[in-house]
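Structure file start10.cif (mmCIF, C-alpha atoms) follows.
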data_coords
loop_
_atom_site.label_atom_id
_atom_site.label_comp_id
_atom_site.auth_asym_id
_atom_site.auth_seq_id
_atom_site.Cartn_x
_atom_site.Cartn_y
_atom_site.Cartn_z
CA MET A 9 28.24 -1.01 42.12
CA ALA A 10 25.70 -3.74 41.34
CA GLU A 11 27.20 -6.93 39.96
CA LEU A 12 26.17 -7.89 36.41
CA CYS A 13 23.99 -10.99 36.30
CA TYR A 14 23.01 -13.05 33.23
CA ASN A 15 20.32 -15.69 32.81
CA LYS A 16 20.95 -19.10 31.21
CA GLU A 17 20.19 -17.68 27.75
CA GLY A 18 22.88 -15.03 28.24
CA ARG A 19 20.49 -12.08 28.76
CA LEU A 20 21.66 -9.36 31.13
CA ILE A 21 19.21 -9.14 34.05
CA PHE A 22 18.06 -5.94 35.75
CA THR A 23 18.53 -6.95 39.39
CA LYS A 24 17.17 -5.70 42.71
CA GLU A 25 20.56 -4.12 43.44
CA MET A 26 20.37 -2.23 40.14
CA LYS A 27 16.99 -0.79 41.12
CA LYS A 28 18.70 1.11 43.94
CA GLU A 29 21.52 2.55 41.83
CA TYR A 30 20.49 2.66 38.17
CA THR A 31 18.72 5.37 36.17
CA ILE A 32 16.24 3.89 33.69
CA LEU A 33 15.91 5.79 30.40
CA LEU A 34 12.43 5.81 28.86
CA PRO A 35 11.64 6.66 25.21
CA MET A 36 9.14 9.48 24.68
CA MET A 37 5.86 9.03 22.81
CA LEU A 38 2.97 10.70 24.68
CA PRO A 39 4.34 13.58 26.81
CA ILE A 40 1.37 13.99 29.16
CA HIS A 41 0.64 10.29 29.59
CA PHE A 42 4.27 9.20 29.93
CA LYS A 43 5.02 11.90 32.51
CA LEU A 44 2.30 10.49 34.77
CA ILE A 45 3.58 6.94 34.22
CA GLN A 46 7.15 8.07 34.93
CA ASN A 47 6.03 9.68 38.18
CA THR A 48 4.33 6.42 39.18
CA LEU A 49 7.55 4.48 38.59
CA GLU A 50 9.48 7.07 40.60
CA HIS A 51 7.08 6.60 43.51
CA TYR A 52 7.83 2.87 43.53
CA GLY A 53 11.55 3.46 43.83
CA TYR A 54 12.69 3.46 40.21
CA LYS A 55 14.95 6.31 39.12
CA THR A 56 13.82 7.22 35.60
CA GLU A 57 14.30 9.82 32.91
CA LEU A 58 12.11 10.51 29.89
CA LEU A 59 14.16 11.18 26.77
CA GLU A 60 12.82 14.37 25.20
CA THR A 61 15.62 14.82 22.68
CA ASN A 62 14.44 15.66 19.17
CA CYS A 63 17.16 16.19 16.61
CA PRO A 64 18.28 14.78 13.22
CA GLU A 65 21.22 13.00 14.85
CA ILE A 66 18.82 10.53 16.47
CA ALA A 67 17.76 9.01 13.14
CA THR A 68 21.41 9.02 12.02
CA GLU A 69 22.43 7.07 15.13
CA GLY A 70 19.59 4.61 14.58
CA LEU A 71 20.63 3.97 10.99
CA LYS A 72 24.17 3.14 12.12
CA TYR A 73 22.96 0.16 14.12
CA VAL A 74 19.57 -0.80 12.65
CA HIS A 75 18.92 -1.89 9.04
CA ASN A 76 17.15 0.84 7.07
CA ASP A 77 14.42 -1.62 6.05
CA THR A 78 13.43 -1.86 9.70
CA CYS A 79 10.34 -0.02 10.93
CA TYR A 80 10.99 3.72 11.32
CA PRO A 81 9.85 3.83 14.99
CA ALA A 82 12.48 1.17 15.83
CA ILE A 83 15.17 3.27 14.13
CA LEU A 84 14.14 6.33 16.14
CA VAL A 85 13.68 4.65 19.53
CA ILE A 86 16.97 2.77 19.29
CA GLY A 87 18.69 5.84 17.87
CA GLN A 88 17.37 7.97 20.76
CA PHE A 89 18.70 5.49 23.31
CA ILE A 90 22.16 5.28 21.75
CA HIS A 91 22.28 9.05 21.22
CA ALA A 92 21.59 9.46 24.96
CA LEU A 93 24.23 6.89 25.97
CA LYS A 94 26.83 8.66 23.82
CA SER A 95 25.95 12.09 25.19
CA GLY A 96 28.15 11.76 28.28
CA LYS A 97 25.22 12.75 30.47
CA TYR A 98 24.81 9.33 32.08
CA ASP A 99 26.99 7.00 34.12
CA LEU A 100 27.12 3.98 31.81
CA ASN A 101 27.80 1.71 34.77
CA LYS A 102 24.50 2.77 36.35
CA THR A 103 22.13 3.19 33.40
CA ALA A 104 19.40 0.89 32.08
CA LEU A 105 16.88 1.14 29.25
CA MET A 106 13.18 0.28 29.17
CA ILE A 107 11.16 -0.59 26.08
CA THR A 108 7.66 -2.00 25.58
CA GLN A 109 7.10 -5.46 24.12
CA THR A 110 3.57 -5.95 22.81
CA GLY A 111 3.63 -9.61 21.92
CA GLY A 112 1.48 -9.22 18.81
CA GLY A 113 2.28 -9.87 15.16
CA CYS A 114 3.76 -6.39 14.66
CA ARG A 115 7.54 -6.09 14.39
CA ALA A 116 7.38 -3.93 17.54
CA SER A 117 7.48 -7.17 19.55
CA ASN A 118 11.07 -7.64 18.35
CA TYR A 119 12.37 -4.11 18.96
CA ILE A 120 13.94 -5.28 22.22
CA HIS A 121 16.11 -7.83 20.38
CA LEU A 122 17.10 -5.23 17.79
CA LEU A 123 17.99 -2.85 20.63
CA ARG A 124 20.26 -5.38 22.34
CA LYS A 125 21.97 -6.16 19.03
CA ALA A 126 22.49 -2.43 18.43
CA LEU A 127 23.89 -1.94 21.93
CA ARG A 128 26.46 -4.69 21.33
CA LYS A 129 27.52 -3.10 18.03
CA ALA A 130 27.83 0.31 19.71
CA GLY A 131 29.88 -1.06 22.62
CA PHE A 132 27.13 -0.78 25.23
CA GLU A 133 26.56 -4.49 25.80
CA LYS A 134 26.68 -4.00 29.61
CA ILE A 135 23.59 -1.76 29.56
CA PRO A 136 20.59 -3.80 30.83
CA VAL A 137 17.32 -3.58 28.86
CA ILE A 138 13.99 -3.98 30.65
CA SER A 139 10.95 -5.30 28.78
CA LEU A 140 7.69 -3.61 29.79
CA ASN A 141 5.08 -6.21 28.87
CA LEU A 142 1.96 -7.90 30.21
CA SER A 143 2.57 -11.24 28.49
CA GLY A 144 5.29 -12.62 30.74
CA PHE A 145 7.94 -12.59 28.00
CA GLU A 146 10.93 -11.44 30.02
CA LYS A 147 11.28 -11.16 33.77
CA ASN A 148 13.76 -9.16 35.83
CA SER A 149 14.17 -9.50 39.58
CA GLY A 150 14.60 -5.72 39.86
CA PHE A 151 11.47 -4.74 37.96
CA LYS A 152 7.94 -6.05 38.36
CA VAL A 153 4.62 -4.69 37.12
CA THR A 154 2.39 -5.18 40.17
CA ILE A 155 -1.38 -4.64 40.31
CA PRO A 156 -1.03 -1.29 42.16
CA ILE A 157 1.49 -0.04 39.58
CA LEU A 158 -0.68 -1.24 36.71
CA LYS A 159 -3.79 0.40 38.16
CA ARG A 160 -1.99 3.73 38.52
CA MET A 161 -0.59 3.44 34.99
CA VAL A 162 -4.08 2.85 33.56
CA ALA A 163 -5.37 5.88 35.47
CA GLY A 164 -2.44 7.88 34.08
CA LEU A 165 -3.42 6.93 30.53
CA VAL A 166 -7.05 7.99 31.14
CA TYR A 167 -5.99 11.33 32.62
CA GLY A 168 -3.51 11.78 29.77
CA ASP A 169 -6.24 11.19 27.18
CA THR A 170 -8.52 13.71 28.91
CA LEU A 171 -5.87 16.42 29.22
CA MET A 172 -4.80 15.89 25.59
CA LEU A 173 -8.42 16.02 24.36
CA LEU A 174 -9.30 19.23 26.22
CA LYS A 175 -5.99 20.91 25.44
CA ASN A 176 -6.45 20.31 21.72
CA GLN A 177 -9.94 21.83 21.79
CA THR A 178 -8.90 24.84 23.86
CA LYS A 179 -5.34 25.85 23.01
CA PRO A 180 -6.03 27.14 19.46
CA PHE A 181 -8.73 29.52 20.77
CA GLU A 182 -7.39 30.73 24.10
CA VAL A 183 -7.23 34.49 24.67
CA ASN A 184 -4.39 34.30 27.20
CA LYS A 185 -1.80 32.16 25.45
CA GLY A 186 -0.32 29.35 27.49
CA GLU A 187 -3.27 28.76 29.82
CA SER A 188 -3.95 25.26 28.50
CA LEU A 189 -0.35 24.18 28.97
CA ARG A 190 -0.24 25.66 32.47
CA LEU A 191 -3.35 23.67 33.35
CA ILE A 192 -1.65 20.49 32.14
CA ASP A 193 1.33 21.21 34.40
CA LYS A 194 -1.01 21.93 37.32
CA TRP A 195 -2.98 18.72 36.88
CA THR A 196 0.10 16.59 36.24
CA GLU A 197 1.45 17.69 39.61
CA LYS A 198 -1.92 17.29 41.36
CA LEU A 199 -2.62 13.85 39.88
CA THR A 200 0.89 12.63 40.64
CA LYS A 201 0.41 13.57 44.29
CA GLN A 202 -2.91 11.73 44.42
CA LEU A 203 -1.62 8.60 42.69
CA ASN A 204 1.40 8.49 44.98
CA GLU A 205 -0.95 8.60 47.97
CA GLY A 206 -2.96 5.68 46.60
CA LEU A 207 -5.77 7.91 45.38
CA GLY A 208 -6.99 8.94 41.92
CA SER A 209 -7.35 5.49 40.34
CA SER A 210 -10.77 4.43 41.66
CA ILE A 211 -13.90 5.00 39.58
CA LYS A 212 -15.11 7.59 42.12
CA ASP A 213 -11.80 9.47 42.04
CA LEU A 214 -11.74 9.36 38.24
CA LYS A 215 -15.21 10.93 38.10
CA ASN A 216 -14.28 13.71 40.49
CA ASN A 217 -10.94 14.49 38.87
CA LEU A 218 -12.22 14.39 35.29
CA ASN A 219 -15.10 16.70 36.22
CA GLU A 220 -12.70 19.19 37.83
CA ILE A 221 -10.32 18.99 34.87
CA ALA A 222 -13.14 19.70 32.40
CA ALA A 223 -14.40 22.57 34.58
CA ASP A 224 -10.91 24.11 34.65
CA PHE A 225 -10.59 23.98 30.88
CA SER A 226 -14.13 25.35 30.49
CA ASN A 227 -13.08 28.44 32.42
CA ILE A 228 -10.31 29.30 29.97
CA LYS A 229 -11.33 32.39 27.99
CA VAL A 230 -11.50 31.67 24.29
CA LYS A 231 -12.31 33.73 21.21
CA LYS A 232 -14.80 33.17 18.42
CA GLU A 233 -12.95 31.84 15.45
CA ARG A 234 -13.56 29.33 12.70
CA LYS A 235 -10.68 26.96 12.07
CA VAL A 236 -9.99 23.98 9.88
CA LYS A 237 -10.42 20.82 11.96
CA VAL A 238 -7.79 18.15 11.36
CA GLY A 239 -7.65 14.62 12.77
CA ILE A 240 -4.40 12.70 13.19
CA VAL A 241 -4.38 8.90 12.96
CA GLY A 242 -1.88 6.21 12.08
CA GLU A 243 0.75 3.88 13.51
CA ILE A 244 0.83 4.46 17.25
CA TYR A 245 4.38 5.86 17.49
CA VAL A 246 4.34 8.27 14.56
CA LYS A 247 0.76 9.23 15.45
CA TYR A 248 1.75 10.52 18.89
CA SER A 249 5.50 11.15 18.91
CA SER A 250 6.72 14.55 17.75
CA LEU A 251 10.07 12.90 16.98
CA GLY A 252 8.31 10.34 14.80
CA ASN A 253 6.05 12.76 12.89
CA ASN A 254 8.36 15.76 12.54
CA ASN A 255 6.40 17.90 15.03
CA LEU A 256 3.15 17.41 13.11
CA GLU A 257 0.88 18.88 15.80
CA GLU A 258 2.98 22.04 16.05
CA PHE A 259 2.98 22.37 12.25
CA LEU A 260 -0.81 22.07 12.05
CA GLU A 261 -1.27 24.59 14.87
CA ASN A 262 0.97 27.04 13.01
CA GLN A 263 -1.25 26.52 9.95
CA GLY A 264 -4.21 27.72 12.03
CA CYS A 265 -5.85 24.33 12.57
CA GLU A 266 -7.70 22.74 15.46
CA ILE A 267 -6.48 19.17 15.82
CA CYS A 268 -7.96 15.99 17.22
CA VAL A 269 -5.82 12.99 18.13
CA PRO A 270 -7.79 9.90 19.22
CA GLY A 271 -6.71 8.75 22.67
CA ILE A 272 -4.72 5.73 23.75
CA LEU A 273 -7.72 4.25 25.61
CA ASN A 274 -9.26 3.17 22.29
CA PHE A 275 -6.06 1.34 21.45
CA MET A 276 -6.03 -0.43 24.82
CA LEU A 277 -9.65 -1.55 24.34
CA PHE A 278 -8.79 -2.68 20.82
CA LYS A 279 -5.89 -4.81 22.04
CA ILE A 280 -7.97 -6.46 24.77
CA ASP A 281 -10.93 -7.01 22.43
CA ASN A 282 -8.61 -8.65 19.90
CA ARG A 283 -7.99 -11.47 22.36
CA LEU A 284 -11.73 -12.19 22.29
CA GLU A 285 -11.67 -12.17 18.50
CA ASP A 286 -8.85 -14.72 18.63
CA ILE A 287 -10.99 -17.00 20.79
CA LYS A 288 -13.95 -16.58 18.41
CA LEU A 289 -11.79 -17.37 15.38
CA TYR A 290 -9.45 -20.02 16.77
CA GLY A 291 -10.94 -21.15 20.08
CA GLY A 292 -9.58 -20.86 23.61
CA SER A 293 -10.18 -21.75 27.25
CA TRP A 294 -13.21 -20.45 29.14
CA LEU A 295 -10.92 -19.15 31.89
CA LYS A 296 -8.93 -17.03 29.46
CA LYS A 297 -12.15 -15.71 27.97
CA HIS A 298 -13.50 -14.85 31.42
CA ILE A 299 -10.34 -12.93 32.39
CA ILE A 300 -10.40 -11.00 29.10
CA LEU A 301 -14.07 -10.10 29.57
CA VAL A 302 -13.42 -8.83 33.11
CA LEU A 303 -10.55 -6.69 31.85
CA LEU A 304 -12.53 -5.44 28.85
CA ASN A 305 -15.52 -4.48 31.01
CA TYR A 306 -13.22 -2.62 33.42
CA PHE A 307 -11.77 -0.52 30.59
CA LYS A 308 -15.25 0.11 29.17
CA LYS A 309 -16.39 1.29 32.59
CA ILE A 310 -13.50 3.75 32.71
CA GLU A 311 -14.29 4.89 29.16
CA LYS A 312 -17.93 5.48 30.14
CA VAL A 313 -16.81 7.65 33.06
CA LEU A 314 -14.60 9.73 30.78
CA ILE A 315 -17.28 10.27 28.12
CA LYS A 316 -20.12 10.92 30.57
CA THR A 317 -18.11 13.36 32.67
CA ILE A 318 -16.79 15.42 29.76
CA SER A 319 -20.26 15.41 28.13
CA LYS A 320 -21.57 17.46 31.06
CA HIS A 321 -19.52 20.34 29.70
CA SER A 322 -21.35 21.08 26.45
CA ASN A 323 -18.54 23.21 25.07
CA PHE A 324 -16.40 20.13 24.42
CA GLU A 325 -16.75 17.39 21.81
CA VAL A 326 -16.29 13.91 23.25
CA PRO A 327 -15.16 10.73 21.49
CA LYS A 328 -17.63 8.00 20.67
CA PRO A 329 -17.67 4.85 22.84
CA TYR A 330 -15.45 2.02 21.66
CA GLU A 331 -18.39 -0.20 20.72
CA GLU A 332 -19.82 2.52 18.44
CA ILE A 333 -16.42 3.03 16.85
CA LYS A 334 -16.10 -0.71 16.26
CA ALA A 335 -19.57 -0.82 14.69
CA LEU A 336 -18.52 1.83 12.15
CA VAL A 337 -16.39 -0.71 10.28
CA ASP A 338 -18.89 -3.57 10.35
CA GLY A 339 -19.06 -4.70 6.72
CA VAL A 340 -16.25 -2.29 5.78
CA ILE A 341 -13.20 -4.20 7.01
CA GLY A 342 -12.94 -7.50 8.87
CA TYR A 343 -12.28 -7.62 12.60
CA GLY A 344 -9.57 -10.17 11.90
CA ASN A 345 -7.44 -7.29 10.55
CA LYS A 346 -5.77 -6.66 13.90
CA MET A 347 -2.03 -6.44 13.31
CA GLY A 348 -0.66 -3.10 14.48
CA GLU A 349 -3.59 -0.67 14.59
CA GLY A 350 -5.63 -2.92 12.27
CA TRP A 351 -9.30 -2.14 11.73
CA LEU A 352 -9.18 0.48 14.49
CA LEU A 353 -7.26 2.77 12.13
CA THR A 354 -10.10 2.62 9.59
CA ALA A 355 -12.67 3.07 12.37
CA GLU A 356 -10.92 6.14 13.79
CA MET A 357 -10.96 7.82 10.37
CA LEU A 358 -14.68 7.13 10.01
CA GLU A 359 -15.28 8.45 13.53
CA LEU A 360 -13.34 11.64 12.80
CA CYS A 361 -15.27 12.20 9.58
CA GLY A 362 -18.53 11.87 11.51
CA SER A 363 -17.32 14.34 14.14
CA ASN A 364 -16.50 17.17 11.70
CA TYR A 365 -12.78 16.32 11.62
CA GLU A 366 -13.06 15.08 8.06
CA ASN A 367 -9.62 16.52 7.19
CA ILE A 368 -7.25 13.75 8.24
CA VAL A 369 -3.51 13.14 8.23
CA CYS A 370 -2.87 9.39 8.22
CA THR A 371 0.68 8.94 9.54
CA GLN A 372 2.51 5.75 8.71
CA PRO A 373 6.08 4.46 8.75
CA PHE A 374 7.19 3.62 5.25
CA GLY A 375 6.74 -0.11 4.71
CA CYS A 376 4.35 -0.63 7.64
CA LEU A 377 2.07 -3.18 5.98
CA PRO A 378 -0.88 -3.03 8.45
CA ASN A 379 -1.04 0.75 8.14
CA HIS A 380 -0.80 0.74 4.36
CA ILE A 381 -3.69 -1.74 4.19
CA CYS A 382 -5.96 -0.47 6.98
CA GLY A 383 -5.02 3.18 6.58
CA LYS A 384 -3.98 4.27 3.10
CA GLY A 385 -5.65 1.25 1.52
CA MET A 386 -9.06 2.16 2.99
CA ILE A 387 -9.15 5.84 1.97
CA HIS A 388 -11.16 5.18 -1.19
CA LYS A 389 -13.72 3.14 0.74
CA ILE A 390 -14.02 5.81 3.44
CA LYS A 391 -14.69 8.46 0.79
CA GLU A 392 -17.45 6.28 -0.61
CA ILE A 393 -19.03 6.17 2.84
CA ASN A 394 -18.44 9.85 3.67
CA SER A 395 -17.97 12.19 0.72
CA LYS A 396 -16.59 14.92 3.01
CA ALA A 397 -13.50 12.85 3.82
CA ASN A 398 -10.33 14.74 2.91
CA ILE A 399 -7.48 12.39 3.78
CA VAL A 400 -3.77 12.48 3.06
CA ALA A 401 -1.48 9.54 3.89
CA ILE A 402 2.03 10.61 4.86
CA ASP A 403 5.00 8.23 4.97
CA TYR A 404 7.58 8.89 7.69
CA ASP A 405 11.02 7.50 7.03
CA PRO A 406 14.67 8.62 7.36
CA GLY A 407 14.71 9.24 3.61
CA SER A 408 11.47 11.28 3.50
CA PRO A 409 12.20 15.04 3.39
CA LYS A 410 10.17 17.04 5.90
CA VAL A 411 9.40 19.72 3.32
CA ASN A 412 7.78 17.14 1.01
CA GLN A 413 5.61 15.85 3.85
CA GLU A 414 4.51 19.36 4.82
CA ASN A 415 3.78 20.33 1.22
CA ARG A 416 1.46 17.35 0.83
CA ILE A 417 -0.30 18.28 4.07
CA LYS A 418 -0.63 21.89 2.88
CA LEU A 419 -2.32 20.64 -0.28
CA MET A 420 -4.85 18.78 1.87
CA LEU A 421 -5.32 21.91 3.99
CA SER A 422 -5.96 24.07 0.93
CA ILE A 423 -8.93 21.84 0.07
CA ALA A 424 -10.03 21.93 3.72
CA LYS A 425 -9.95 25.75 3.80
CA GLU A 426 -11.93 25.94 0.58
CA ASN A 427 -14.56 23.61 2.04
CA LEU A 428 -14.65 25.64 5.24
CA ASN A 429 -15.20 28.88 3.32
CA ASN A 430 -18.05 27.27 1.40
CA THR A 431 -19.87 26.53 4.67
CA MET A 432 -20.06 30.28 5.37
CA GLU A 433 -22.60 30.57 2.58
CA ASP A 434 -24.49 27.44 3.61
CA PRO A 435 -27.74 28.28 5.43
CA LYS A 436 -27.75 24.90 7.18
CA ILE A 437 -25.32 25.85 9.90
CA ASN A 438 -25.40 24.70 13.51
CA ILE A 439 -23.64 26.86 16.08
CA SER A 440 -22.50 25.08 19.25
CA LYS A 441 -21.75 27.77 21.82
CA ARG A 442 -19.56 27.50 24.83
CA SER A 443 -20.99 27.86 28.32
CA THR A 444 -22.46 31.25 29.20
CA ASN A 445 -20.17 31.72 32.20
CA GLN A 446 -17.30 32.47 29.83
CA VAL A 447 -16.64 36.04 28.77
CA ILE A 448 -15.71 35.11 25.24
CA SER A 449 -16.87 31.99 23.42
CA LYS A 450 -15.85 29.83 20.51
CA TYR A 451 -18.23 28.08 18.18
CA SER A 452 -17.95 25.18 15.83
CA ILE A 453 -19.73 24.97 12.48
CA SER A 454 -20.85 21.79 10.82
CA HIS A 455 -23.26 20.59 8.12
CA GLN A 456 -26.52 19.17 9.45
#

Using the file provided, produce a representation of the structure as structure tokens.
Amino acid sequence: MAELCYNKEGRLIFTKEMKKEYTILLPMMLPIHFKLIQNTLEHYGYKTELLETNCPEIATEGLKYVHNDTCYPAILVIGQFIHALKSGKYDLNKTALMITQTGGGCRASNYIHLLRKALRKAGFEKIPVISLNLSGFEKNSGFKVTIPILKRMVAGLVYGDTLMLLKNQTKPFEVNKGESLRLIDKWTEKLTKQLNEGLGSSIKDLKNNLNEIAADFSNIKVKKERKVKVGIVGEIYVKYSSLGNNNLEEFLENQGCEICVPGILNFMLFKIDNRLEDIKLYGGSWLKKHIILVLLNYFKKIEKVLIKTISKHSNFEVPKPYEEIKALVDGVIGYGNKMGEGWLLTAEMLELCGSNYENIVCTQPFGCLPNHICGKGMIHKIKEINSKANIVAIDYDPGSPKVNQENRIKLMLSIAKENLNNTMEDPKINISKRSTNQVISKYSISHQ
């Protein structure tokens, strides 16, 4: 068994010996994306497991060891870890945890310290915690984010965004139920194989793979049906995690909706771009600015590939480029509002409204100040800009009953359905048909 090693500050280090023996538990947020990232880590010799548990006991465990005023995502992530450690499923002498550390002004930067404190209180102080960060905060001899790993992870996020986008536009209309999910499994396996062979992350490979993915989803038989379109935005964890938002996507699907969840690539661009805003506002070295610009241009190049490739398949709606999304909030909210999701949250709502997903659920942890300002606080302004906006802000918290959340969403949906029915009598209707090679097609209806 690997010997425990501490640094001079008393932090337990994840060592090279531990890499050989330990299983690293990963919290779940984005199932498709995280599965590809997990597979990349496995290829580089790390034994990992994604925690897919989703039960009320997780929040209960979190509240035992984390103050209830703490951000809801922290309560859930820490609760999920401790729930797993108590399950008896893992050898506690050969188990480690991994958590992201953003380094920004959000409390998420301090989750790792809250986690270690909770582990001590729960009697798991000998469980090492690995910080996944790009800011050099904590280093472990047994875990390093190298350029090849990082490149594969970025590719995994792009593929995850694409699969999520196409699945959401196909699954509600498919004739043969389950085809979309089977395609995701197929492509997860295929992409994992490519990435493990050193392929799939170049611009050329991205173009080829994204084109094939879009073609596969285009060939799924779908039926003509008009559905309420709903966008989901908010704090990054409760926006994506079914544990964090009480299975919001499943609930909306059961209500007969077509959903749109903006991808993680926007958030990555936003975080990189924020560093440039810092330099504009507060100054900085030319070298730092140059490095940020190189990174930003690389992500924009990837984004362009995604949008251009999917646009070739006219049956799918594609997201707007980051620069266009950013321009939507010019004069609406300042670009200095960058804590958490910041101005991007406002921009995503405006983008959704302009893409016929004007019915929006804004998910936010109770007490998350950036989200209450840039999300809930901007609803009135967004409605002034786009009168079709039908937005409901939902707080997610251990004390918020699920039934109350769903009832508020149903009220929003009742207005959405009424608006949808009114369009049936509107002569100004544009029908966007799916490709003619499909036996059955779906169409979308929007005001001109």

Residues of range 239-338 of chain A at most 8 Å from range 343-358 of chain A: nearest atom pair and distance in Å, all atoms listed in the file, as CSV:
residue,atom,partner,partner_atom,distance
A:Gly239,CA,A:Met357,CA,7.9
A:Val241,CA,A:Leu353,CA,6.8
A:Gly242,CA,A:Leu353,CA,6.4
A:Glu243,CA,A:Glu349,CA,6.4
A:Ile244,CA,A:Glu349,CA,7.3
A:Pro270,CA,A:Glu356,CA,7.3
A:Phe275,CA,A:Glu349,CA,7.6
A:Phe278,CA,A:Leu352,CA,7.1
A:Asn282,CA,A:Lys346,CA,6.9
A:Glu285,CA,A:Gly344,CA,7.2
A:Ile333,CA,A:Ala355,CA,5.8
A:Lys334,CA,A:Ala355,CA,6.4
A:Leu336,CA,A:Ala355,CA,6.0
A:Val337,CA,A:Ala355,CA,5.7

Those same residues, written as an mmCIF file, in the frame of the given file with C-alpha atoms?
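The resulting file, out07.cif, is reproduced below:
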data_model
loop_
_atom_site.group_PDB
_atom_site.id
_atom_site.type_symbol
_atom_site.label_atom_id
_atom_site.label_comp_id
_atom_site.auth_asym_id
_atom_site.auth_seq_id
_atom_site.Cartn_x
_atom_site.Cartn_y
_atom_site.Cartn_z
ATOM 1 C CA GLY A 239 -7.650 14.620 12.770
ATOM 2 C CA VAL A 241 -4.380 8.900 12.960
ATOM 3 C CA GLY A 242 -1.880 6.210 12.080
ATOM 4 C CA GLU A 243 0.750 3.880 13.510
ATOM 5 C CA ILE A 244 0.830 4.460 17.250
ATOM 6 C CA PRO A 270 -7.790 9.900 19.220
ATOM 7 C CA PHE A 275 -6.060 1.340 21.450
ATOM 8 C CA PHE A 278 -8.790 -2.680 20.820
ATOM 9 C CA ASN A 282 -8.610 -8.650 19.900
ATOM 10 C CA GLU A 285 -11.670 -12.170 18.500
ATOM 11 C CA ILE A 333 -16.420 3.030 16.850
ATOM 12 C CA LYS A 334 -16.100 -0.710 16.260
ATOM 13 C CA LEU A 336 -18.520 1.830 12.150
ATOM 14 C CA VAL A 337 -16.390 -0.710 10.280
#

Kindly provide, as AutoDock Vina command-line options, the centre and edge lengths (Å, one decimal) of an axis-aligned box around all atoms of range 15-31 of chain A given in the file, with 4 Å on each side.
--center_x 19.9 --center_y -6.9 --center_z 35.8 --size_x 13.9 --size_y 32.5 --size_z 24.2

Using the chain letters and numbers from the file, give me the residues hit by the PyMOL selection byres ((chain A and resi 136) around 6), as a list in words.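 This file, filtered by the PyMOL selection byres ((chain A and resi 136) around 6), leaves Leu20, Phe22, Ala104, Ile135 and Val137 of chain A.
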
Rank nothing, just name the residue among A:Glu311, A:Glu205, A:Glu366, A:Glu25 nearest to Asp169 in chain A, using all atoms listed in the file.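 Checking each candidate against Asp169 in chain A, we get A:Glu311 as the closest.
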
Could you list the residues chosen by the PyMOL selection byres ((chain A and resi 226) around 8) in this structure as an mmCIF file with C-alpha atoms, keeping the file's coordinate frame?
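Wrote it out as out09.cif, contents follow:
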data_model
loop_
_atom_site.group_PDB
_atom_site.id
_atom_site.type_symbol
_atom_site.label_atom_id
_atom_site.label_comp_id
_atom_site.auth_asym_id
_atom_site.auth_seq_id
_atom_site.Cartn_x
_atom_site.Cartn_y
_atom_site.Cartn_z
ATOM 1 C CA ALA A 222 -13.140 19.700 32.400
ATOM 2 C CA ALA A 223 -14.400 22.570 34.580
ATOM 3 C CA ASP A 224 -10.910 24.110 34.650
ATOM 4 C CA PHE A 225 -10.590 23.980 30.880
ATOM 5 C CA ASN A 227 -13.080 28.440 32.420
ATOM 6 C CA ILE A 228 -10.310 29.300 29.970
ATOM 7 C CA LYS A 229 -11.330 32.390 27.990
ATOM 8 C CA HIS A 321 -19.520 20.340 29.700
ATOM 9 C CA ASN A 323 -18.540 23.210 25.070
ATOM 10 C CA SER A 443 -20.990 27.860 28.320
ATOM 11 C CA GLN A 446 -17.300 32.470 29.830
#

Got a sec: who's within 12 Å of range 206-208 of chain A, counting all atoms listed in the file, leaving out chain neighbours fewer than 5 positions off, as a tab-separated table (two decimals) with C-alpha atoms, in the coordinates of the input?
chain	number	residue	atom	x	y	z
A	44	LEU	CA	2.30	10.49	34.77
A	48	THR	CA	4.33	6.42	39.18
A	51	HIS	CA	7.08	6.60	43.51
A	52	TYR	CA	7.83	2.87	43.53
A	156	PRO	CA	-1.03	-1.29	42.16
A	157	ILE	CA	1.49	-0.04	39.58
A	159	LYS	CA	-3.79	0.40	38.16
A	160	ARG	CA	-1.99	3.73	38.52
A	161	MET	CA	-0.59	3.44	34.99
A	162	VAL	CA	-4.08	2.85	33.56
A	163	ALA	CA	-5.37	5.88	35.47
A	164	GLY	CA	-2.44	7.88	34.08
A	166	VAL	CA	-7.05	7.99	31.14
A	167	TYR	CA	-5.99	11.33	32.62
A	195	TRP	CA	-2.98	18.72	36.88
A	196	THR	CA	0.10	16.59	36.24
A	198	LYS	CA	-1.92	17.29	41.36
A	199	LEU	CA	-2.62	13.85	39.88
A	200	THR	CA	0.89	12.63	40.64
A	201	LYS	CA	0.41	13.57	44.29
A	213	ASP	CA	-11.80	9.47	42.04
A	214	LEU	CA	-11.74	9.36	38.24
A	215	LYS	CA	-15.21	10.93	38.10
A	216	ASN	CA	-14.28	13.71	40.49
A	217	ASN	CA	-10.94	14.49	38.87
A	218	LEU	CA	-12.22	14.39	35.29

I want to know what sits within 8 Å of Ile240 in chain A, based on only C-alpha atoms, with residues of the same chain fewer than 3 positions away left out; could you give that as a VMD selection string? chain A and resid 247 267 to 270 368 to 371

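You can rank A:Tyr365, A:Phe181, A:Tyr14, A:Phe374 by their closest distance to Arg234 in chain A using only C-alpha atoms, and at the top of that list sits A:Phe181.
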
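Candidate residues A:His298, A:Arg124, A:Lys152, A:Lys410 were compared for distance to Gly252 in chain A, and the nearest is A:Lys410, using only C-alpha atoms.
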
Restricting to all atoms listed in the file, whichever of A:Lys134, A:Ile86, A:Gly375, A:Leu127 is closest to Glu11 in chain A is A:Lys134
